[in-house]
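A.B. asks: Input: one structure, supplied below.
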Amino acid sequence: MYAFDFERPSTVADAVAALSAEDAQALSGGQTLIPTLKQRLASPSKLVSLGGIAELQGITSDGDAVTIGAGTTHAAVAADGSIPALSALAGNIGDPAVRNRGTIGGSLANNDPAACYPSAALGLGATIVTNAREIVADDFFQGLFTTALDEGEIITAVRFPKPQAANYQKFEQPASRFALVGVFVAKGADGVRVAVTGASEDGVFRWSEAEAALGSNFSAGALDGMAPPADGMISDLHGSAAYRANLVGVMTRRAVAAAG
Amino acid sequence: MATISMVVNGRQMSGEAEGRTLLSSFLRDALGLTGTHVGCDTGQCGACVVHVNGDAVKSCNMLAMEADGAEVATIEGQAAPDGTLNAIQAAFQEYHGLQCGFCTPGMVMSAAALLKEIPKPSEAEIRKYLSGNLCRCTGYHNIVRAIMAASGQDVAVAAE
C-alpha cells in the first residue's frame, strides 16, 4: 500500500469537506478498497473514513419504505428483516467477518458488476440519498464500477419501497462467493422489476422482457424458455456468455417461484 | 505516524501506526501479539480473524486507525491467565482440530463468534459460518467436530 493521510470525521459535512482535497477517497467498510490499495490499484492522497459518522448508521422502517444508513453493515441488514429478501441477500454476501465490516453504501458506490446489492437497489426501485441529492436506482448505476455519484459526493442512505413479494437468487462463484449470476425479482405497486447482476459487461441491468411477461402472469411458467441474449454477457473461465445468459433465465424463474 | 490506543484482551494498549497500517500489522508488530496470523493478506483466508467491539473481522482487511479506541479480542486472550484453554481451544486439542496450526487462531476466533450468535449450531451452520476461514491442511471435518464438542453436542454427527 502506498502511504496516505487518514481522517476520521464524525459528521457528513466534515467528511465532504475532507473529500474536497485532491485525490481524496472515501473509506467505508474497506472490504474492497483495502485489498485494492494493497495491490496498488489505487493511490489516494487521503482516505476519509466514514466509520465514525453516527448519522450514516441504522435502519428505519416507516409505512411503505425502509431507509438504511449508508454505513450500515451487511450483518446489520441481514439481522433486520424489514424486507426479508433484502436481509437474505445481505446475509449471504462474502462471509461473516466480511459482513461485519462491509456496508451497503460502500457496495453501491463501488458498483462491482458481480456484487449483490446493486441488484437489490435496482430490483426494488430504491432511491440513493447522498449529501447533495436523491438519485433513483435507474439513474444511479452507469456501468462497471461507475455510478452517478460526483467527485466527493457521499451516499448517506438508501430508501427501499417495501415490495409485495420479492426474492434474490444467487448462483455463487464458488471461490469468491460473488454472483456468477444473481437475480433480484420484486413485485410492487408499480409492477414487476427484474434486476440482474454478475452477468453483463455493463454491470447490473433490468431484464425488461421478463418484467413484461411477469407483469401479466407472476409465475415461473411465464418465463418458460426465456433467456436474455448472450450478446454483451461476461465471458470468463467461470462461464461463457451463453452459459451466463441461460443462467439468468434459470435464476429468474427460481426467484419468481421462491417469491411466491 | 500517530499513537493509537485500544483495549486488547482487557488491557489498555497503545502503539504507533501510519494511516496505512493494517490492524493485523499493528497487533503483531506494534503490540507484539503474534498469535494473530496473516495467511493470505487479501481478506480471504481468515487466519487473521479477531473481534473488534465484539464482532469477528479480518484484521488484515481493516486499518488499525479504524480500531482506535475499540475493544479488541485476539487469540492470546482466549485461554485463562494461568494458561487453561477455553472450551473451544480444548475441543480443538481433544478432537485434533488442527494439523499445522496456522489457520487455528482465526478458526478459534470465528468459532467463538459463531457460538455467541448460535450457541448450539448444526453441522451445516458451522460449515457455512466458517466459509471465510481456510485450512490449507484441509482439516475441516475435525474442526467441525471440535466446534460441535465445544458447544456440548454429539460429535458423531459431524463425522459423517
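Residues are named by chain letter and number: chains run A, B, ... in the order of the C-alpha cells, numbers start at 1 in each chain, and ligands are numbered from 1 in the order shown.
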For chain B against chain A, with a cut-off of 7 Å and counting only C-alpha atoms, what is the closest atom pair and its distance in Å to one decimal for every residue that makes the cut, ordered by chain and number, as a Markdown table?
C.D. replies:
| residue | atom | partner | partner_atom | distance |
| --- | --- | --- | --- | --- |
| B:Gly19 | CA | A:Phe6 | CA | 5.2 |
| B:Arg20 | CA | A:Ala3 | CA | 6.0 |
| B:Thr42 | CA | A:Pro35 | CA | 5.9 |
| B:Asp55 | CA | A:Asn100 | CA | 6.4 |
| B:Ala56 | CA | A:Ala97 | CA | 5.2 |
| B:Val57 | CA | A:Ala97 | CA | 4.4 |
| B:Lys58 | CA | A:Ala97 | CA | 6.0 |
| B:Asn61 | CA | A:Ile34 | CA | 6.1 |
| B:Met62 | CA | A:Gly30 | CA | 6.8 |
| B:Tyr129 | CA | A:Pro96 | CA | 6.5 |
| B:Ser131 | CA | A:Asp95 | CA | 6.0 |
| B:Gly132 | CA | A:Asp95 | CA | 5.1 |
A.B. asks: Those same residues - C-alpha atoms - I'd like them written as a PDB file, in the first residue's frame.
C.D. replies:
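Output contents, as saved in selection.pdb:
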ATOM      1  CA  GLY B  19      -2.706   5.623   8.125  1.00  0.00           C
ATOM      2  CA  ARG B  20      -1.980   2.555   6.021  1.00  0.00           C
ATOM      3  CA  THR B  42      -6.032 -10.489   0.889  1.00  0.00           C
ATOM      4  CA  ASP B  55     -17.675  -8.608  16.004  1.00  0.00           C
ATOM      5  CA  ALA B  56     -15.421 -11.015  14.107  1.00  0.00           C
ATOM      6  CA  VAL B  57     -13.410  -9.141  11.474  1.00  0.00           C
ATOM      7  CA  LYS B  58     -10.469  -9.916   9.236  1.00  0.00           C
ATOM      8  CA  ASN B  61      -8.698  -6.018   5.924  1.00  0.00           C
ATOM      9  CA  MET B  62      -9.148  -3.226   8.436  1.00  0.00           C
ATOM     10  CA  TYR B 129     -20.093 -19.807   9.224  1.00  0.00           C
ATOM     11  CA  SER B 131     -16.799 -20.211   4.863  1.00  0.00           C
ATOM     12  CA  GLY B 132     -14.304 -17.370   5.279  1.00  0.00           C
TER      13      GLY B 132
END
A.B. asks: Using only C-alpha atoms, which protein or nucleic acid residues come within 9 Å of range 82-86 of chain A? Drop anything in the same chain fewer than 5 positions from it, and give the result as a PDB file with all heavy atoms, in the first residue's frame.
C.D. replies:
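The result, written out as out-v1.pdb:
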ATOM      1  N   ILE A  59     -31.246   1.591  10.630  1.00  0.00           N
ATOM      2  CA  ILE A  59     -32.318   1.193   9.711  1.00  0.00           C
ATOM      3  C   ILE A  59     -33.631   1.683  10.294  1.00  0.00           C
ATOM      4  O   ILE A  59     -33.923   1.427  11.467  1.00  0.00           O
ATOM      5  CB  ILE A  59     -32.361  -0.341   9.558  1.00  0.00           C
ATOM      6  CG1 ILE A  59     -30.999  -0.865   9.084  1.00  0.00           C
ATOM      7  CG2 ILE A  59     -33.475  -0.761   8.601  1.00  0.00           C
ATOM      8  CD1 ILE A  59     -30.870  -2.382   9.088  1.00  0.00           C
ATOM      9  N   THR A  60     -34.427   2.415   9.499  1.00  0.00           N
ATOM     10  CA  THR A  60     -35.758   2.816   9.966  1.00  0.00           C
ATOM     11  C   THR A  60     -36.797   2.327   8.972  1.00  0.00           C
ATOM     12  O   THR A  60     -36.612   2.408   7.765  1.00  0.00           O
ATOM     13  CB  THR A  60     -35.876   4.346  10.109  1.00  0.00           C
ATOM     14  OG1 THR A  60     -35.468   4.938   8.872  1.00  0.00           O
ATOM     15  CG2 THR A  60     -34.991   4.875  11.227  1.00  0.00           C
ATOM     16  N   SER A  61     -37.871   1.799   9.515  1.00  0.00           N
ATOM     17  CA  SER A  61     -38.955   1.286   8.690  1.00  0.00           C
ATOM     18  C   SER A  61     -40.198   2.106   9.010  1.00  0.00           C
ATOM     19  O   SER A  61     -40.620   2.164  10.161  1.00  0.00           O
ATOM     20  CB  SER A  61     -39.181  -0.190   9.033  1.00  0.00           C
ATOM     21  OG  SER A  61     -40.313  -0.675   8.349  1.00  0.00           O
ATOM     22  N   VAL A  66     -38.333   1.414   3.705  1.00  0.00           N
ATOM     23  CA  VAL A  66     -37.269   1.123   4.673  1.00  0.00           C
ATOM     24  C   VAL A  66     -36.056   1.961   4.263  1.00  0.00           C
ATOM     25  O   VAL A  66     -35.636   1.926   3.107  1.00  0.00           O
ATOM     26  CB  VAL A  66     -36.885  -0.366   4.652  1.00  0.00           C
ATOM     27  CG1 VAL A  66     -35.740  -0.646   5.620  1.00  0.00           C
ATOM     28  CG2 VAL A  66     -38.092  -1.226   5.006  1.00  0.00           C
ATOM     29  N   VAL A  77     -28.015  -5.386   8.226  1.00  0.00           N
ATOM     30  CA  VAL A  77     -29.145  -5.517   7.289  1.00  0.00           C
ATOM     31  C   VAL A  77     -29.677  -6.953   7.334  1.00  0.00           C
ATOM     32  O   VAL A  77     -30.892  -7.180   7.335  1.00  0.00           O
ATOM     33  CB  VAL A  77     -28.735  -5.119   5.858  1.00  0.00           C
ATOM     34  CG1 VAL A  77     -29.878  -5.379   4.869  1.00  0.00           C
ATOM     35  CG2 VAL A  77     -28.316  -3.651   5.811  1.00  0.00           C
ATOM     36  N   GLY A  91     -27.293 -11.293   4.099  1.00  0.00           N
ATOM     37  CA  GLY A  91     -26.756 -12.369   4.923  1.00  0.00           C
ATOM     38  C   GLY A  91     -25.978 -13.415   4.147  1.00  0.00           C
ATOM     39  O   GLY A  91     -25.456 -14.355   4.733  1.00  0.00           O
ATOM     40  N   TYR A 117     -25.690  -6.249  -3.855  1.00  0.00           N
ATOM     41  CA  TYR A 117     -26.550  -5.103  -3.514  1.00  0.00           C
ATOM     42  C   TYR A 117     -27.085  -4.289  -4.702  1.00  0.00           C
ATOM     43  O   TYR A 117     -28.235  -3.839  -4.664  1.00  0.00           O
ATOM     44  CB  TYR A 117     -25.821  -4.165  -2.555  1.00  0.00           C
ATOM     45  CG  TYR A 117     -26.175  -4.370  -1.095  1.00  0.00           C
ATOM     46  CD1 TYR A 117     -25.186  -4.468  -0.131  1.00  0.00           C
ATOM     47  CD2 TYR A 117     -27.515  -4.430  -0.679  1.00  0.00           C
ATOM     48  CE1 TYR A 117     -25.508  -4.649   1.214  1.00  0.00           C
ATOM     49  CE2 TYR A 117     -27.828  -4.602   0.651  1.00  0.00           C
ATOM     50  CZ  TYR A 117     -26.826  -4.712   1.603  1.00  0.00           C
ATOM     51  OH  TYR A 117     -27.146  -4.880   2.909  1.00  0.00           O
ATOM     52  N   ALA A 120     -30.389  -5.499  -5.744  1.00  0.00           N
ATOM     53  CA  ALA A 120     -31.490  -5.209  -4.821  1.00  0.00           C
ATOM     54  C   ALA A 120     -31.959  -3.768  -4.980  1.00  0.00           C
ATOM     55  O   ALA A 120     -33.162  -3.479  -4.995  1.00  0.00           O
ATOM     56  CB  ALA A 120     -31.056  -5.466  -3.379  1.00  0.00           C
ATOM     57  N   PHE A 160     -35.667   2.058   0.378  1.00  0.00           N
ATOM     58  CA  PHE A 160     -36.278   0.959  -0.382  1.00  0.00           C
ATOM     59  C   PHE A 160     -37.790   0.960  -0.191  1.00  0.00           C
ATOM     60  O   PHE A 160     -38.247   0.894   0.958  1.00  0.00           O
ATOM     61  CB  PHE A 160     -35.755  -0.391   0.117  1.00  0.00           C
ATOM     62  CG  PHE A 160     -34.296  -0.633  -0.143  1.00  0.00           C
ATOM     63  CD1 PHE A 160     -33.349  -0.315   0.814  1.00  0.00           C
ATOM     64  CD2 PHE A 160     -33.872  -1.195  -1.343  1.00  0.00           C
ATOM     65  CE1 PHE A 160     -32.001  -0.565   0.585  1.00  0.00           C
ATOM     66  CE2 PHE A 160     -32.524  -1.444  -1.578  1.00  0.00           C
ATOM     67  CZ  PHE A 160     -31.586  -1.127  -0.610  1.00  0.00           C
ATOM     68  N   LYS A 162     -41.178  -0.962   0.199  1.00  0.00           N
ATOM     69  CA  LYS A 162     -41.437  -2.357   0.594  1.00  0.00           C
ATOM     70  C   LYS A 162     -42.213  -3.061  -0.520  1.00  0.00           C
ATOM     71  O   LYS A 162     -43.250  -2.575  -0.952  1.00  0.00           O
ATOM     72  CB  LYS A 162     -42.255  -2.396   1.885  1.00  0.00           C
ATOM     73  CG  LYS A 162     -41.463  -1.979   3.112  1.00  0.00           C
ATOM     74  CD  LYS A 162     -42.300  -2.112   4.379  1.00  0.00           C
ATOM     75  CE  LYS A 162     -41.589  -1.488   5.552  1.00  0.00           C
ATOM     76  NZ  LYS A 162     -42.462  -1.326   6.735  1.00  0.00           N
ATOM     77  N   PRO A 163     -41.709  -4.191  -0.994  1.00  0.00           N
ATOM     78  CA  PRO A 163     -42.393  -4.897  -2.082  1.00  0.00           C
ATOM     79  C   PRO A 163     -43.544  -5.769  -1.553  1.00  0.00           C
ATOM     80  O   PRO A 163     -43.587  -6.104  -0.369  1.00  0.00           O
ATOM     81  CB  PRO A 163     -41.282  -5.776  -2.643  1.00  0.00           C
ATOM     82  CG  PRO A 163     -40.423  -6.077  -1.447  1.00  0.00           C
ATOM     83  CD  PRO A 163     -40.486  -4.869  -0.547  1.00  0.00           C
ATOM     84  N   ALA A 165     -43.949  -8.744  -2.936  1.00  0.00           N
ATOM     85  CA  ALA A 165     -43.228 -10.020  -2.942  1.00  0.00           C
ATOM     86  C   ALA A 165     -41.868  -9.765  -3.560  1.00  0.00           C
ATOM     87  O   ALA A 165     -41.738  -8.927  -4.457  1.00  0.00           O
ATOM     88  CB  ALA A 165     -43.984 -11.070  -3.767  1.00  0.00           C
ATOM     89  N   ALA A 166     -40.854 -10.456  -3.048  1.00  0.00           N
ATOM     90  CA  ALA A 166     -39.512 -10.269  -3.609  1.00  0.00           C
ATOM     91  C   ALA A 166     -38.643 -11.467  -3.268  1.00  0.00           C
ATOM     92  O   ALA A 166     -38.896 -12.172  -2.283  1.00  0.00           O
ATOM     93  CB  ALA A 166     -38.862  -8.997  -3.065  1.00  0.00           C
ATOM     94  N   ASN A 167     -37.630 -11.693  -4.100  1.00  0.00           N
ATOM     95  CA  ASN A 167     -36.676 -12.759  -3.807  1.00  0.00           C
ATOM     96  C   ASN A 167     -35.399 -12.515  -4.599  1.00  0.00           C
ATOM     97  O   ASN A 167     -35.426 -11.933  -5.672  1.00  0.00           O
ATOM     98  CB  ASN A 167     -37.260 -14.133  -4.171  1.00  0.00           C
ATOM     99  CG  ASN A 167     -36.383 -15.268  -3.667  1.00  0.00           C
ATOM    100  OD1 ASN A 167     -35.572 -15.812  -4.397  1.00  0.00           O
ATOM    101  ND2 ASN A 167     -36.530 -15.612  -2.397  1.00  0.00           N
ATOM    102  N   TYR A 168     -34.291 -12.967  -4.007  1.00  0.00           N
ATOM    103  CA  TYR A 168     -32.989 -12.872  -4.685  1.00  0.00           C
ATOM    104  C   TYR A 168     -32.400 -14.260  -4.776  1.00  0.00           C
ATOM    105  O   TYR A 168     -32.359 -14.992  -3.780  1.00  0.00           O
ATOM    106  CB  TYR A 168     -32.052 -11.965  -3.884  1.00  0.00           C
ATOM    107  CG  TYR A 168     -30.650 -11.862  -4.461  1.00  0.00           C
ATOM    108  CD1 TYR A 168     -30.420 -11.274  -5.703  1.00  0.00           C
ATOM    109  CD2 TYR A 168     -29.552 -12.339  -3.752  1.00  0.00           C
ATOM    110  CE1 TYR A 168     -29.132 -11.165  -6.223  1.00  0.00           C
ATOM    111  CE2 TYR A 168     -28.252 -12.229  -4.264  1.00  0.00           C
ATOM    112  CZ  TYR A 168     -28.061 -11.638  -5.505  1.00  0.00           C
ATOM    113  OH  TYR A 168     -26.780 -11.530  -6.004  1.00  0.00           O
ATOM    114  N   PHE A 184     -32.539 -10.390  -8.782  1.00  0.00           N
ATOM    115  CA  PHE A 184     -33.467  -9.886  -7.771  1.00  0.00           C
ATOM    116  C   PHE A 184     -34.793  -9.592  -8.463  1.00  0.00           C
ATOM    117  O   PHE A 184     -34.854  -8.800  -9.400  1.00  0.00           O
ATOM    118  CB  PHE A 184     -32.922  -8.609  -7.121  1.00  0.00           C
ATOM    119  CG  PHE A 184     -33.565  -8.312  -5.790  1.00  0.00           C
ATOM    120  CD1 PHE A 184     -32.888  -8.561  -4.598  1.00  0.00           C
ATOM    121  CD2 PHE A 184     -34.860  -7.798  -5.715  1.00  0.00           C
ATOM    122  CE1 PHE A 184     -33.480  -8.303  -3.359  1.00  0.00           C
ATOM    123  CE2 PHE A 184     -35.457  -7.540  -4.491  1.00  0.00           C
ATOM    124  CZ  PHE A 184     -34.763  -7.798  -3.309  1.00  0.00           C
ATOM    125  N   ALA A 259     -40.394 -16.283  -4.568  1.00  0.00           N
ATOM    126  CA  ALA A 259     -41.098 -15.075  -4.093  1.00  0.00           C
ATOM    127  C   ALA A 259     -42.570 -15.370  -3.876  1.00  0.00           C
ATOM    128  O   ALA A 259     -43.242 -14.710  -3.071  1.00  0.00           O
ATOM    129  CB  ALA A 259     -40.922 -13.939  -5.102  1.00  0.00           C
TER     130      ALA A 259
END
A.B. asks: Tell me, as a list in words, which residues lie within 10 Å of Ala157 in chain A, counting only C-alpha atoms; anything in the same chain fewer than 5 positions away does not count.
C.D. replies: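 Here the qualifying residues turn out to be Glu55, Leu56, Gln57, Gly58, Ile59, Thr67, Ile68, Gly69, Ala70, Gly71, Thr72, Ile104, Gly105, Thr127, Ile128, Val129, Thr130, Asn131 and Glu134 of chain A.
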A.B. asks: Suppose we keep C-alpha atoms; can you now write the selection as a PDB file, in the first residue's frame?
C.D. replies:
ATOM      1  CA  GLU A  55     -25.770   9.715  11.113  1.00  0.00           C
ATOM      2  CA  LEU A  56     -24.813   7.088   8.500  1.00  0.00           C
ATOM      3  CA  GLN A  57     -25.835   4.220  10.760  1.00  0.00           C
ATOM      4  CA  GLY A  58     -29.140   2.492  11.321  1.00  0.00           C
ATOM      5  CA  ILE A  59     -32.318   1.193   9.711  1.00  0.00           C
ATOM      6  CA  THR A  67     -34.373   3.574   4.928  1.00  0.00           C
ATOM      7  CA  ILE A  68     -30.915   2.183   5.579  1.00  0.00           C
ATOM      8  CA  GLY A  69     -27.996   4.396   6.572  1.00  0.00           C
ATOM      9  CA  ALA A  70     -25.146   4.050   4.099  1.00  0.00           C
ATOM     10  CA  GLY A  71     -22.706   2.946   6.798  1.00  0.00           C
ATOM     11  CA  THR A  72     -24.912   0.069   7.924  1.00  0.00           C
ATOM     12  CA  ILE A 104     -24.437  -1.050   1.845  1.00  0.00           C
ATOM     13  CA  GLY A 105     -23.258   2.421   0.856  1.00  0.00           C
ATOM     14  CA  THR A 127     -33.624   5.788  -4.087  1.00  0.00           C
ATOM     15  CA  ILE A 128     -29.980   6.554  -3.333  1.00  0.00           C
ATOM     16  CA  VAL A 129     -29.746   9.519  -0.964  1.00  0.00           C
ATOM     17  CA  THR A 130     -26.493  11.499  -0.971  1.00  0.00           C
ATOM     18  CA  ASN A 131     -25.201  14.549   0.850  1.00  0.00           C
ATOM     19  CA  GLU A 134     -31.575  11.911  -4.287  1.00  0.00           C
TER      20      GLU A 134
END
A.B. asks: Set the distance at 7 Å and use only C-alpha atoms: which residues neighbour range 2-4 of chain B once local chain neighbours fewer than 4 positions away are removed? I'd like the list as a short mmCIF file (atom, residue, chain, number, x, y, z; two decimals) with N, CA and C atoms, in the first residue's frame.
C.D. replies:
data_model
loop_
_atom_site.label_atom_id
_atom_site.label_comp_id
_atom_site.auth_asym_id
_atom_site.auth_seq_id
_atom_site.Cartn_x
_atom_site.Cartn_y
_atom_site.Cartn_z
N SER B 14 -1.28 0.76 23.64
CA SER B 14 -1.16 1.77 22.59
C SER B 14 0.14 1.57 21.84
N GLY B 15 0.16 2.12 20.63
CA GLY B 15 1.34 1.98 19.79
C GLY B 15 1.27 2.95 18.63
N GLU B 16 2.33 2.96 17.83
CA GLU B 16 2.42 3.88 16.71
C GLU B 16 1.86 3.22 15.44
N ALA B 17 1.10 4.00 14.68
CA ALA B 17 0.57 3.47 13.43
C ALA B 17 0.56 4.56 12.37
N GLU B 18 0.77 4.15 11.12
CA GLU B 18 0.55 5.03 9.98
C GLU B 18 -0.91 4.87 9.56
N MET B 65 -6.14 2.34 12.42
CA MET B 65 -6.77 3.60 12.86
C MET B 65 -8.27 3.43 13.07
N ASP B 68 -9.00 2.43 16.54
CA ASP B 68 -8.56 3.33 17.62
C ASP B 68 -9.71 3.49 18.62
#
A.B. asks: What is the distance, in Å and to one decimal place, between CA of Gly182 in chain A and CA of Gln142 in chain A?
C.D. replies: 18.0 Å
A.B. asks: I'd like the interatomic distance between CA of Leu134 in chain B and CA of Gln93 in chain B, to a tenth of an Å.
C.D. replies: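 For CA of Leu134 in chain B relative to CA of Gln93 in chain B, the distance reads 18.3 Å.
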A.B. asks: Write down as a count of residues only the residues belonging to range 32-135 of chain B that are assigned helix (DSSP H, G or I) by DSSP computed on the backbone.
C.D. replies: 42
A.B. asks: Name the residues of range 11-190 of chain A that come out as strand (DSSP E or B) in a backbone DSSP run; write them as a PyMOL selection string.
C.D. replies: chain A and resi 24-27+46-49+59-62+65-69+73+103+127-130+134-136+141+147+155-161+165-172+179-188
A.B. asks: Asp112 in chain A: which residues within 12 Å, counting only C-alpha atoms, same-chain residues fewer than 4 positions away excluded, as number ranges by chain?
C.D. replies: A: 32-33, 106-108, 116-119, 141-147, 178-179, 197-204
A.B. asks: Just to be explicit: take each residue in the selection above, keep N, CA, C and O atoms, and write the result as a compact mmCIF listing (two decimals), in the first residue's frame.
C.D. replies:
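Contents of part.txt, freshly written:
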# COMPACT_ATOMS: atom_id res chain seq x y z
N THR A 32 -13.51 -4.01 -0.08
CA THR A 32 -12.99 -3.98 -1.45
C THR A 32 -11.84 -2.99 -1.54
O THR A 32 -10.81 -3.28 -2.17
N LEU A 33 -12.00 -1.84 -0.91
CA LEU A 33 -10.99 -0.77 -1.07
C LEU A 33 -9.64 -1.17 -0.49
O LEU A 33 -8.59 -0.89 -1.11
N GLY A 106 -21.04 1.49 0.72
CA GLY A 106 -19.78 1.19 0.05
C GLY A 106 -19.99 0.28 -1.14
O GLY A 106 -19.41 0.50 -2.21
N SER A 107 -20.85 -0.72 -0.98
CA SER A 107 -21.11 -1.65 -2.07
C SER A 107 -21.75 -0.95 -3.26
O SER A 107 -21.36 -1.16 -4.41
N LEU A 108 -22.73 -0.08 -2.98
CA LEU A 108 -23.42 0.61 -4.08
C LEU A 108 -22.50 1.61 -4.77
O LEU A 108 -22.52 1.75 -5.99
N CYS A 116 -23.87 -8.15 -5.00
CA CYS A 116 -25.28 -8.46 -4.80
C CYS A 116 -26.14 -7.19 -4.69
O CYS A 116 -27.22 -7.10 -5.28
N TYR A 117 -25.69 -6.25 -3.86
CA TYR A 117 -26.55 -5.10 -3.51
C TYR A 117 -27.09 -4.29 -4.70
O TYR A 117 -28.23 -3.84 -4.66
N PRO A 118 -26.26 -4.05 -5.75
CA PRO A 118 -26.83 -3.27 -6.86
C PRO A 118 -28.12 -3.88 -7.42
O PRO A 118 -29.05 -3.15 -7.80
N SER A 119 -28.21 -5.22 -7.42
CA SER A 119 -29.44 -5.83 -7.96
C SER A 119 -30.63 -5.57 -7.05
O SER A 119 -31.76 -5.42 -7.51
N PHE A 141 -26.85 3.53 -11.49
CA PHE A 141 -25.84 2.57 -11.98
C PHE A 141 -25.53 2.86 -13.44
O PHE A 141 -26.42 2.83 -14.28
N GLN A 142 -24.24 3.11 -13.75
CA GLN A 142 -23.90 3.55 -15.10
C GLN A 142 -22.79 2.72 -15.71
O GLN A 142 -21.97 3.24 -16.47
N GLY A 143 -22.75 1.44 -15.38
CA GLY A 143 -21.73 0.56 -15.99
C GLY A 143 -20.72 0.11 -14.96
O GLY A 143 -20.80 0.47 -13.79
N LEU A 144 -19.75 -0.69 -15.40
CA LEU A 144 -18.78 -1.29 -14.49
C LEU A 144 -18.14 -0.27 -13.55
O LEU A 144 -17.49 0.66 -14.01
N PHE A 145 -18.29 -0.48 -12.27
CA PHE A 145 -17.66 0.37 -11.26
C PHE A 145 -17.95 1.86 -11.48
O PHE A 145 -17.17 2.71 -11.07
N THR A 146 -19.06 2.16 -12.15
CA THR A 146 -19.38 3.55 -12.48
C THR A 146 -20.79 3.87 -11.98
O THR A 146 -21.72 3.10 -12.19
N THR A 147 -20.91 5.01 -11.31
CA THR A 147 -22.22 5.43 -10.81
C THR A 147 -22.43 6.91 -11.12
O THR A 147 -21.52 7.59 -11.61
N PHE A 178 -18.92 -14.21 -4.91
CA PHE A 178 -19.62 -13.18 -5.67
C PHE A 178 -20.63 -13.88 -6.57
O PHE A 178 -20.57 -15.10 -6.75
N ALA A 179 -21.53 -13.09 -7.17
CA ALA A 179 -22.55 -13.68 -8.03
C ALA A 179 -21.96 -13.99 -9.41
O ALA A 179 -21.47 -13.09 -10.09
N THR A 197 -27.46 -9.13 -11.76
CA THR A 197 -26.06 -8.78 -11.50
C THR A 197 -25.16 -9.94 -11.89
O THR A 197 -25.63 -11.08 -12.03
N GLY A 198 -23.89 -9.66 -12.08
CA GLY A 198 -22.91 -10.72 -12.34
C GLY A 198 -22.82 -11.13 -13.79
O GLY A 198 -21.86 -11.80 -14.18
N ALA A 199 -23.82 -10.78 -14.59
CA ALA A 199 -23.90 -11.35 -15.95
C ALA A 199 -23.37 -10.41 -17.03
O ALA A 199 -22.66 -10.84 -17.92
N SER A 200 -23.72 -9.15 -16.93
CA SER A 200 -23.49 -8.25 -18.06
C SER A 200 -22.16 -7.50 -17.98
O SER A 200 -21.72 -7.12 -16.90
N GLU A 201 -21.58 -7.27 -19.13
CA GLU A 201 -20.35 -6.47 -19.21
C GLU A 201 -20.61 -5.02 -18.84
O GLU A 201 -19.67 -4.25 -18.63
N ASP A 202 -21.88 -4.63 -18.79
CA ASP A 202 -22.23 -3.25 -18.41
C ASP A 202 -22.69 -3.17 -16.95
O ASP A 202 -23.25 -2.15 -16.54
N GLY A 203 -22.51 -4.24 -16.19
CA GLY A 203 -22.95 -4.21 -14.79
C GLY A 203 -24.43 -4.54 -14.66
O GLY A 203 -25.05 -5.08 -15.58
N VAL A 204 -24.98 -4.19 -13.50
CA VAL A 204 -26.36 -4.57 -13.20
C VAL A 204 -27.32 -3.98 -14.24
O VAL A 204 -27.11 -2.87 -14.73
